[in-house]
file work.cif (mmCIF, C-alpha atoms)
data_query
loop_
_atom_site.label_atom_id
_atom_site.label_comp_id
_atom_site.auth_asym_id
_atom_site.auth_seq_id
_atom_site.Cartn_x
_atom_site.Cartn_y
_atom_site.Cartn_z
CA MET L 1 -30.74 103.01 -33.08
CA LEU L 2 -29.85 104.25 -29.59
CA VAL L 3 -32.62 102.15 -28.05
CA SER L 4 -31.49 98.98 -29.79
CA ARG L 5 -27.90 99.60 -28.60
CA ARG L 6 -29.17 100.03 -25.03
CA VAL L 7 -31.18 96.83 -25.31
CA LEU L 8 -28.10 95.02 -26.61
CA VAL L 9 -25.89 96.34 -23.80
CA SER L 10 -28.49 95.51 -21.11
CA SER L 11 -28.92 92.03 -22.58
CA CYS L 12 -25.18 91.48 -22.49
CA ILE L 13 -24.96 92.68 -18.88
CA LEU L 14 -27.90 90.47 -17.90
CA LEU L 15 -26.33 87.50 -19.65
CA LEU L 16 -23.01 88.18 -17.90
CA VAL L 17 -24.73 88.44 -14.50
CA LEU L 18 -26.59 85.21 -15.11
CA LEU L 19 -23.40 83.44 -16.17
CA VAL L 20 -21.51 84.67 -13.11
CA MET L 21 -24.40 83.71 -10.82
CA GLY L 22 -24.59 80.29 -12.39
CA ASP L 23 -20.85 79.85 -12.01
CA VAL L 24 -20.88 81.01 -8.39
CA SER L 25 -23.78 78.73 -7.53
CA CYS L 26 -21.87 75.89 -9.16
CA VAL L 27 -18.69 76.57 -7.15
CA SER L 28 -20.34 76.99 -3.79
CA ALA L 29 -23.16 74.48 -3.97
CA TYR L 30 -22.17 73.19 -0.54
CA LEU L 31 -20.93 75.07 2.48
CA ARG L 32 -18.30 74.08 5.02
CA ASP L 33 -21.02 72.98 7.47
CA ASP L 34 -22.66 70.73 4.87
CA ALA L 35 -19.32 69.10 4.18
CA ARG L 36 -18.53 68.66 7.87
CA LEU L 37 -21.95 67.12 8.50
CA ALA L 38 -21.57 64.79 5.51
CA ILE L 39 -18.23 63.52 6.85
CA ALA L 40 -19.52 63.11 10.41
CA SER L 41 -22.62 61.27 9.21
CA VAL L 42 -20.66 58.81 7.04
CA ASP L 43 -18.08 58.34 9.79
CA ALA L 44 -20.83 57.36 12.26
CA GLU L 45 -22.43 55.10 9.65
CA ILE L 46 -19.11 53.29 9.08
CA VAL L 47 -18.73 52.68 12.83
CA ARG L 48 -22.32 51.35 13.00
CA CYS L 49 -21.64 48.99 10.07
CA TYR L 50 -18.33 47.92 11.64
CA ASP L 51 -20.14 47.05 14.90
CA ALA L 52 -22.65 44.91 12.98
CA VAL L 53 -19.83 43.15 11.09
CA ALA L 54 -17.90 42.55 14.32
CA VAL L 55 -21.00 40.96 15.90
CA ALA L 56 -21.44 38.73 12.82
CA GLU L 57 -17.80 37.66 13.07
CA ARG L 58 -18.09 36.89 16.79
CA ALA L 59 -21.03 34.63 15.91
CA GLY L 60 -18.61 32.72 13.67
CA GLY L 61 -19.58 34.17 10.28
CA ASN L 62 -17.22 34.81 7.38
CA VAL L 63 -17.09 38.60 7.06
CA SER L 64 -14.24 39.07 4.57
CA GLY L 65 -16.66 40.27 1.84
CA LEU L 66 -18.23 42.79 4.20
CA CYS L 67 -14.77 43.98 5.26
CA ALA L 68 -13.90 44.67 1.61
CA LYS L 69 -17.05 46.81 1.27
CA LEU L 70 -16.21 48.70 4.47
CA SER L 71 -12.62 49.29 3.28
CA GLU L 72 -13.92 50.75 0.04
CA ALA L 73 -16.33 53.03 1.91
CA GLY L 74 -13.53 54.03 4.28
CA MET L 75 -11.29 54.96 1.37
CA PHE L 76 -13.94 57.34 0.00
CA LEU L 77 -14.31 58.85 3.46
CA SER L 78 -10.55 59.41 3.67
CA ARG L 79 -10.63 61.17 0.30
CA ALA L 80 -13.57 63.25 1.50
CA ARG L 81 -11.52 64.32 4.53
CA LEU L 82 -8.65 65.28 2.26
CA ALA L 83 -11.01 67.32 0.05
CA TYR L 84 -12.31 69.03 3.21
CA THR L 85 -8.78 70.20 4.11
CA ALA L 86 -8.54 71.66 0.58
CA ASP L 87 -11.91 73.46 1.09
CA ASN L 88 -13.34 71.52 -1.84
CA PHE L 89 -16.78 71.06 -0.28
CA ASP L 90 -18.53 69.79 -3.42
CA SER L 91 -16.03 66.96 -3.63
CA VAL L 92 -16.49 66.27 0.07
CA VAL L 93 -20.25 65.78 -0.30
CA ASN L 94 -19.80 63.79 -3.51
CA LEU L 95 -17.22 61.44 -1.95
CA ALA L 96 -19.27 61.10 1.25
CA ASN L 97 -22.25 60.05 -0.89
CA LYS L 98 -20.11 57.49 -2.71
CA SER L 99 -19.02 56.13 0.66
CA ARG L 100 -22.65 55.97 1.82
CA VAL L 101 -23.60 54.02 -1.32
CA ARG L 102 -20.92 51.40 -0.51
CA LEU L 103 -22.33 51.09 3.00
CA ARG L 104 -25.87 50.48 1.79
CA GLY L 105 -27.12 47.07 2.95
CA VAL L 106 -24.01 46.21 4.98
CA ILE L 107 -25.89 46.03 8.31
CA GLU L 108 -28.62 43.82 6.81
CA GLU L 109 -26.00 41.60 5.16
CA ALA L 110 -24.11 41.34 8.45
CA ASP L 111 -27.36 40.26 10.16
CA VAL L 112 -27.85 37.54 7.54
CA VAL L 113 -24.24 36.34 8.06
CA ARG L 114 -24.77 36.34 11.84
CA THR L 115 -28.02 34.35 11.59
CA SER L 116 -26.50 31.75 9.25
CA ALA L 117 -23.41 31.53 11.48
CA LYS L 118 -25.64 30.86 14.50
CA GLN L 119 -27.49 28.13 12.56
CA ALA L 120 -24.16 26.67 11.43
CA SER L 121 -22.88 26.65 15.01
CA PHE L 122 -26.07 24.86 16.12
CA TRP L 123 -25.48 22.17 13.49
CA ASN L 124 -21.82 22.01 14.50
CA LEU L 125 -22.89 21.28 18.06
CA ALA L 126 -25.39 18.68 16.84
CA TYR L 127 -22.62 17.13 14.75
CA LEU L 128 -20.30 17.08 17.77
CA ILE L 129 -22.92 15.49 20.03
CA GLY L 130 -23.90 13.02 17.28
CA SER L 131 -20.29 12.09 16.70
CA PHE L 132 -19.54 11.42 20.38
CA GLY L 133 -22.97 9.79 20.88
CA GLY L 134 -22.22 7.48 17.93
CA SER L 135 -18.89 6.59 19.46
CA VAL L 136 -20.51 5.73 22.81
CA GLY L 137 -23.12 3.73 20.84
CA VAL L 138 -20.37 1.70 19.15
CA ILE L 139 -18.83 0.87 22.56
CA VAL L 140 -22.23 -0.07 24.04
CA CYS L 141 -23.00 -2.26 21.01
CA GLY L 142 -19.53 -3.80 21.44
CA PHE L 143 -20.38 -4.73 25.03
CA GLY L 144 -23.73 -6.18 23.90
CA LEU L 145 -22.14 -8.18 21.10
CA TRP L 146 -19.37 -9.40 23.42
CA PHE L 147 -21.97 -10.49 25.96
CA LEU L 148 -23.98 -12.38 23.28
CA LEU L 149 -20.86 -14.00 21.80
CA ASN L 150 -19.73 -15.13 25.23
CA ARG L 151 -23.16 -16.65 25.96
CA LYS L 152 -23.29 -18.40 22.56
CA HIS L 153 -19.80 -19.89 22.81
CA GLY L 154 -20.05 -20.68 26.54
CA MET Z 1 -6.76 -22.33 17.29
CA VAL Z 2 -7.45 -18.84 18.67
CA ASN Z 3 -8.45 -18.83 22.35
CA LEU Z 4 -11.14 -16.68 23.95
CA HIS Z 5 -8.66 -14.22 25.40
CA GLU Z 6 -7.00 -13.53 22.02
CA ARG Z 7 -10.41 -13.23 20.34
CA GLY Z 8 -11.43 -10.73 23.03
CA VAL Z 9 -8.33 -8.59 22.42
CA VAL Z 10 -8.98 -8.50 18.66
CA PHE Z 11 -12.66 -7.75 19.23
CA TRP Z 12 -12.06 -4.85 21.61
CA ILE Z 13 -9.30 -3.37 19.42
CA ALA Z 14 -11.78 -3.44 16.53
CA VAL Z 15 -14.48 -1.80 18.70
CA GLY Z 16 -11.97 0.84 19.88
CA ILE Z 17 -10.89 1.69 16.32
CA LEU Z 18 -14.51 1.91 15.16
CA ALA Z 19 -15.45 4.15 18.13
CA PHE Z 20 -12.45 6.39 17.37
CA VAL Z 21 -13.40 6.64 13.68
CA VAL Z 22 -16.99 7.58 14.61
CA ALA Z 23 -15.77 10.17 17.16
CA SER Z 24 -13.04 11.65 14.91
CA PRO Z 25 -15.17 14.43 13.28
CA GLY Z 26 -16.06 15.65 16.77
CA LEU Z 27 -12.47 15.31 18.00
CA LEU Z 28 -11.25 17.43 15.08
CA ARG Z 29 -13.49 20.26 16.24
CA LEU Z 30 -12.28 19.98 19.83
CA LEU Z 31 -8.56 19.44 19.27
CA ILE Z 32 -7.77 22.95 18.01
CA VAL Z 33 -4.71 24.53 19.59
CA PRO Z 34 -5.89 27.79 21.21
CA ARG Z 35 -4.24 30.99 20.00
CA THR Z 36 -2.10 32.66 22.62
CA GLU Z 37 -0.61 35.56 20.63
CA PHE Z 38 -2.69 38.33 19.13
CA PHE Z 39 -0.98 40.80 16.85
CA THR Z 40 -1.03 42.67 13.55
CA GLU Z 41 1.49 42.37 10.75
CA LEU Z 42 2.30 45.43 8.65
CA TRP Z 43 4.51 45.11 5.60
CA ILE Z 44 5.72 46.88 2.52
CA LEU Z 45 6.87 45.04 -0.61
CA GLY Z 46 8.70 46.30 -3.67
CA SER Z 47 7.41 46.64 -7.21
CA THR Z 48 7.93 42.91 -7.92
CA HIS Z 49 5.77 42.03 -4.89
CA MET Z 50 8.85 40.76 -3.07
CA VAL Z 51 11.10 42.06 -0.29
CA GLY Z 52 13.35 43.89 -2.72
CA ASN Z 53 13.28 46.39 -5.59
CA PHE Z 54 12.23 49.15 -3.23
CA PRO Z 55 12.46 52.65 -4.68
CA TYR Z 56 15.56 54.34 -3.32
CA ASN Z 57 17.07 56.80 -5.79
CA VAL Z 58 14.02 58.77 -6.84
CA SER Z 59 13.67 61.35 -9.61
CA ARG Z 60 11.23 64.22 -9.99
CA ASN Z 61 7.75 63.21 -11.24
CA GLN Z 62 8.83 59.63 -11.84
CA ASN Z 63 6.31 56.93 -10.82
CA TYR Z 64 7.26 54.27 -8.29
CA SER Z 65 5.21 51.37 -7.02
CA VAL Z 66 5.14 49.40 -3.78
CA PHE Z 67 2.62 47.16 -2.02
CA LEU Z 68 1.36 47.91 1.46
CA GLY Z 69 -0.14 45.04 3.46
CA ILE Z 70 -1.76 44.16 6.77
CA GLY Z 71 -2.22 40.74 8.37
CA ASN Z 72 -4.80 40.61 11.14
CA GLN Z 73 -4.16 38.06 13.92
CA LEU Z 74 -6.00 40.00 16.64
CA GLY Z 75 -8.81 37.49 17.02
CA TYR Z 76 -11.47 39.88 15.73
CA CYS Z 77 -12.34 41.93 12.66
CA ALA Z 78 -10.21 45.10 12.95
CA TYR Z 79 -10.70 48.64 11.70
CA TYR Z 80 -7.31 50.12 10.77
CA SER Z 81 -6.18 53.51 9.61
CA ILE Z 82 -2.76 53.87 7.98
CA GLU Z 83 -1.40 57.39 8.24
CA VAL Z 84 0.79 58.38 5.33
CA LYS Z 85 3.57 60.77 6.39
CA PHE Z 86 6.60 62.33 4.75
CA ARG Z 87 9.60 63.88 6.48
CA ASN Z 88 13.17 64.96 6.09
CA LEU Z 89 15.61 63.27 8.46
CA THR Z 90 15.52 66.10 11.00
CA GLN Z 91 11.73 65.99 11.42
CA SER Z 92 9.82 63.84 13.90
CA ALA Z 93 9.88 60.12 13.16
CA ALA Z 94 7.90 57.17 14.50
CA SER Z 95 9.94 55.25 17.06
CA SER Z 96 10.08 51.45 17.39
CA TYR Z 97 11.95 51.83 20.69
CA ASN Z 98 9.55 54.26 22.39
CA ARG Z 99 6.57 52.88 20.45
CA THR Z 100 5.40 56.37 19.57
CA PRO Z 101 4.10 57.83 16.32
CA SER Z 102 5.61 60.80 14.53
CA THR Z 103 4.19 64.16 15.57
CA LEU Z 104 3.91 65.20 11.91
CA PRO Z 105 0.35 65.51 10.59
CA ALA Z 106 -0.89 62.72 8.33
CA LEU Z 107 -0.98 63.60 4.63
CA PHE Z 108 -3.63 60.99 4.03
CA ASN Z 109 -5.37 58.15 5.88
CA ILE Z 110 -5.76 54.78 4.24
CA THR Z 111 -8.68 52.88 5.76
CA ALA Z 112 -8.69 49.09 5.97
CA PHE Z 113 -11.09 46.62 7.56
CA VAL Z 114 -9.51 43.18 7.92
CA ALA Z 115 -11.28 40.05 9.14
CA ASP Z 116 -9.51 37.91 11.73
CA GLY Z 117 -6.87 35.66 10.15
CA HIS Z 118 -7.09 37.51 6.84
CA THR Z 119 -4.73 39.83 5.02
CA TRP Z 120 -5.28 43.07 3.13
CA GLU Z 121 -3.02 44.59 0.51
CA LEU Z 122 -3.00 47.82 -1.46
CA PRO Z 123 -0.81 48.62 -4.48
CA LEU Z 124 0.59 52.13 -4.10
CA ASN Z 125 1.94 54.26 -6.92
CA PHE Z 126 3.65 57.46 -5.98
CA SER Z 127 5.70 60.27 -7.43
CA LEU Z 128 7.36 63.33 -5.95
CA ASP Z 129 7.42 66.86 -7.26
CA TYR Z 130 10.28 69.06 -6.05
CA VAL Z 131 12.79 71.66 -7.11
CA TYR Z 132 16.43 72.11 -6.26
CA ASP Z 133 17.32 75.44 -4.67
CA GLU Z 134 20.93 76.07 -5.66
CA THR Z 135 21.31 79.13 -3.41
CA PHE Z 136 20.69 77.17 -0.22
CA SER Z 137 21.71 73.78 -1.61
CA LEU Z 138 18.43 72.14 -0.63
CA THR Z 139 15.49 70.39 -2.22
CA ARG Z 140 12.09 72.01 -1.80
CA PHE Z 141 9.17 69.62 -2.12
CA HIS Z 142 5.86 70.59 -3.67
CA SER Z 143 3.69 67.51 -3.71
CA LEU Z 144 3.52 63.77 -3.28
CA THR Z 145 1.06 62.10 -5.64
CA MET Z 146 -0.15 58.78 -4.28
CA ASN Z 147 -2.56 56.63 -6.32
CA ASN Z 148 -3.47 59.77 -8.30
CA ILE Z 149 -4.24 61.74 -5.12
CA PRO Z 150 -2.08 64.87 -4.87
CA LEU Z 151 -0.82 65.54 -1.33
CA ASP Z 152 0.79 68.78 -0.24
CA ILE Z 153 4.28 68.33 1.21
CA GLY Z 154 5.30 71.96 0.82
CA TYR Z 155 6.46 71.98 4.47
CA CYS Z 156 9.33 69.63 3.67
CA ARG Z 157 12.81 70.71 2.62
CA VAL Z 158 15.81 68.43 2.44
CA SER Z 159 19.36 69.69 2.85
CA TRP Z 160 22.42 67.99 1.45
CA ASP Z 161 23.61 65.18 3.74
CA GLY Z 162 27.39 65.40 3.55
CA ASP Z 163 27.97 62.12 5.42
CA ARG Z 164 25.72 60.00 3.26
CA LYS Z 165 26.17 62.08 0.13
CA GLY Z 166 22.57 62.70 -0.84
CA PHE Z 167 19.24 64.39 -0.19
CA TYR Z 168 17.38 61.94 2.04
CA ALA Z 169 13.70 61.82 2.99
CA ASP Z 170 11.38 59.22 4.51
CA LEU Z 171 7.98 58.18 3.24
CA PHE Z 172 6.41 56.23 6.07
CA PHE Z 173 3.16 54.56 7.02
CA GLU Z 174 1.92 54.37 10.61
CA LEU Z 175 -0.70 51.85 11.66
CA TRP Z 176 -3.56 53.03 13.88
CA LEU Z 177 -6.28 50.76 15.27
CA PHE Z 178 -9.87 51.76 16.02
CA ASN Z 179 -10.71 51.36 19.71
CA GLU Z 180 -14.43 50.83 20.25
CA THR Z 181 -14.24 51.84 23.92
CA VAL Z 182 -12.97 55.35 23.19
CA ASN Z 183 -14.58 55.45 19.72
CA ASP Z 184 -11.32 56.68 18.19
CA PHE Z 185 -8.06 55.46 16.70
CA ARG Z 186 -5.03 54.58 18.83
CA TYR Z 187 -1.47 54.17 17.54
CA HIS Z 188 -0.90 50.44 17.04
CA GLU Z 189 2.88 50.73 17.50
CA ARG Z 190 3.75 49.63 13.98
CA PHE Z 191 5.14 51.52 11.04
CA VAL Z 192 7.05 50.86 7.83
CA ASN Z 193 9.16 53.39 5.98
CA LEU Z 194 10.86 53.95 2.68
CA ARG Z 195 14.15 55.84 2.78
CA LEU Z 196 14.39 57.86 -0.41
CA ASN Z 197 17.46 59.50 -1.93
CA VAL Z 198 16.12 62.42 -3.91
CA THR Z 199 18.17 62.85 -7.07
CA LEU Z 200 18.41 66.05 -9.08
#

call {"tool": "encode", "arguments": {"input": "work.cif", "output": "structure tokens"}}
result
Amino acid sequence: MLVSRRVLVSSCILLLVLLVMGDVSCVSAYLRDDARLAIASVDAEIVRCYDAVAVAERAGGNVSGLCAKLSEAGMFLSRARLAYTADNFDSVVNLANKSRVRLRGVIEEADVVRTSAKQASFWNLAYLIGSFGGSVGVIVCGFGLWFLLNRKHG
Amino acid sequence: MVNLHERGVVFWIAVGILAFVVASPGLLRLLIVPRTEFFTELWILGSTHMVGNFPYNVSRNQNYSVFLGIGNQLGYCAYYSIEVKFRNLTQSAASSYNRTPSTLPALFNITAFVADGHTWELPLNFSLDYVYDETFSLTRFHSLTMNNIPLDIGYCRVSWDGDRKGFYADLFFELWLFNETVNDFRYHERFVNLRLNVTL
């Protein structure tokens, strides 16, 4: 009887310890340093993406879609910073990851926009040259036609 | 009978018009007036998305909505940060005259990337939690909830303003611009604010 009571009490204590440990591990899954690193890493990633988008825009590409993605990522980063001030490090890492997900593929997409913008600007130049060349051609043909008409009609 | 001279005039006018028509797509690309002013617009609109219906007399835990917007005319894709700040009328304010930001810490940063010539807008819903302290005749703030994000404004207390007959506070938004050279944000000398009369 006494043994079974001891077993019951020890089991309860063990269960309690396990519950507390589980709870503690859940609360402090991430430390302050992890959170700080997560923020710094996403912050640097956003700046890298922004640089790529800026280059694509300078090449003449339409980057409004990429800007929307960056804004969304930036918003998650801001919320991560706020969570950091409240010492909520799990939230920090979670929000930083959400931000990172939004940034996925932005640099590659910006490269595609830049390449197509460069191609478009090449065709724009060709169009410009063609347009002015055509105009000069019309004038030259006019001279030729005028010369022929003058010869025909004396 | 049309003489040679008149025929020549008609012919060359026709050639000129045709040459102009052929060159016009190219001319359209060249005849663009260059931009000489580069700036950012920052605005706040009321709940009806117009310049009006701004929240003024506010009650505890009541929701209010406004729209915050940015127009980028800087000539490049810009990285902005809008610092949300809250103050009573004796605390540091942003100054249009000195072009300086408030020294108060930001409660929250709203990040926005805006392409050149584009605009960005964010609907904002906010509510204030506060209590009235009858002993000292002042309002003690607890929190500002903005788009479901609770922000601590426990530092702010508003005393009765005898001249204007009310408890006044400012919710304001400062615009900061990312500077690639220094790799940090610099105050962009623009802010908008909402003057709030806190009712009991």

call {"tool": "closest_residue", "arguments": {"input": "work.cif", "among": "L:Lys118, L:Arg5, L:Lys69, L:Arg36", "to": "chain Z", "atoms": "only C-alpha atoms"}}
result
L:Lys69

call {"tool": "residues_around", "arguments": {"input": "work.cif", "residues": "stretch 31-39 of chain Z", "least_positions_apart": "4", "cutoff": "6 Å", "atoms": "all atoms listed in the file", "output": "NGL selection string"}}
result
:Z and (27 or 73-74)

call {"tool": "resolve_selection", "arguments": {"input": "work.cif", "expression": "the PyMOL selection byres ((chain L) within 7 of (chain Z))", "output": "list in words"}}
result
Ala54, Glu57, Val63, Ser64, Cys67, Ala68, Leu70, Ser71, Gly74, Met75, Ser78, Leu82, Leu128, Ser131, Phe132, Gly134, Ser135, Val138, Ile139 and Gly142 of chain L

call {"tool": "resolve_selection", "arguments": {"input": "work.cif", "expression": "the PyMOL selection byres ((chain Z and resi 104) around 9)", "output": "list of chain:residue names"}}
result
Z:Lys85, Z:Phe86, Z:Arg87, Z:Gln91, Z:Ser92, Z:Ala93, Z:Pro101, Z:Ser102, Z:Thr103, Z:Pro105, Z:Ala106, Z:Leu107

call {"tool": "write_last_selection", "arguments": {"input": "work.cif", "atoms": "C-alpha atoms", "output": "mmCIF file, in the frame of the given file"}}
result
data_model
loop_
_atom_site.group_PDB
_atom_site.id
_atom_site.type_symbol
_atom_site.label_atom_id
_atom_site.label_comp_id
_atom_site.auth_asym_id
_atom_site.auth_seq_id
_atom_site.Cartn_x
_atom_site.Cartn_y
_atom_site.Cartn_z
ATOM 1 C CA LYS Z 85 3.570 60.770 6.390
ATOM 2 C CA PHE Z 86 6.600 62.330 4.750
ATOM 3 C CA ARG Z 87 9.600 63.880 6.480
ATOM 4 C CA GLN Z 91 11.730 65.990 11.420
ATOM 5 C CA SER Z 92 9.820 63.840 13.900
ATOM 6 C CA ALA Z 93 9.880 60.120 13.160
ATOM 7 C CA PRO Z 101 4.100 57.830 16.320
ATOM 8 C CA SER Z 102 5.610 60.800 14.530
ATOM 9 C CA THR Z 103 4.190 64.160 15.570
ATOM 10 C CA PRO Z 105 0.350 65.510 10.590
ATOM 11 C CA ALA Z 106 -0.890 62.720 8.330
ATOM 12 C CA LEU Z 107 -0.980 63.600 4.630
#

call {"tool": "atom_distance", "arguments": {"input": "work.cif", "atom1": "atom CA of L:Cys49", "atom2": "atom CA of L:Val106"}}
result
6.3 Å

call {"tool": "closest_residue", "arguments": {"input": "work.cif", "among": "Z:Ala94, Z:Val84, Z:Leu196, Z:Val66", "to": "Z:Tyr168", "atoms": "only C-alpha atoms"}}
result
Z:Leu196

call {"tool": "atom_distance", "arguments": {"input": "work.cif", "atom1": "atom CA of Z:Glu41", "atom2": "atom CA of Z:Leu124"}}
result
17.8 Å

call {"tool": "closest_residue", "arguments": {"input": "work.cif", "among": "Z:Arg60, Z:Leu68, Z:Val198, Z:Thr145", "to": "Z:Val158", "atoms": "all atoms listed in the file"}}
result
Z:Val198

call {"tool": "axis_aligned_box", "arguments": {"input": "work.cif", "around": "stretch 121-124 of chain Z", "padding_each_side": "5 Å", "output": "lines of an AutoDock Vina configuration file"}}
result
center_x = -1.2
center_y = 48.4
center_z = -2.0
size_x = 13.6
size_y = 17.5
size_z = 15.0

call {"tool": "atom_distance", "arguments": {"input": "work.cif", "atom1": "atom CA of L:Asn150", "atom2": "atom CA of Z:Val9"}}
result
13.4 Å

call {"tool": "residues_around", "arguments": {"input": "work.cif", "residues": "L:Arg114", "least_positions_apart": "3", "cutoff": "8 Å", "atoms": "only C-alpha atoms", "output": "ChimeraX atom specification"}}
result
/L:55-57,59-61,110-111,117-118

call {"tool": "resolve_selection", "arguments": {"input": "work.cif", "expression": "the PyMOL selection byres ((chain Z and resi 173) around 9)", "output": "ChimeraX atom specification"}}
result
/Z:68,82-86,171-172,174-175,190-194
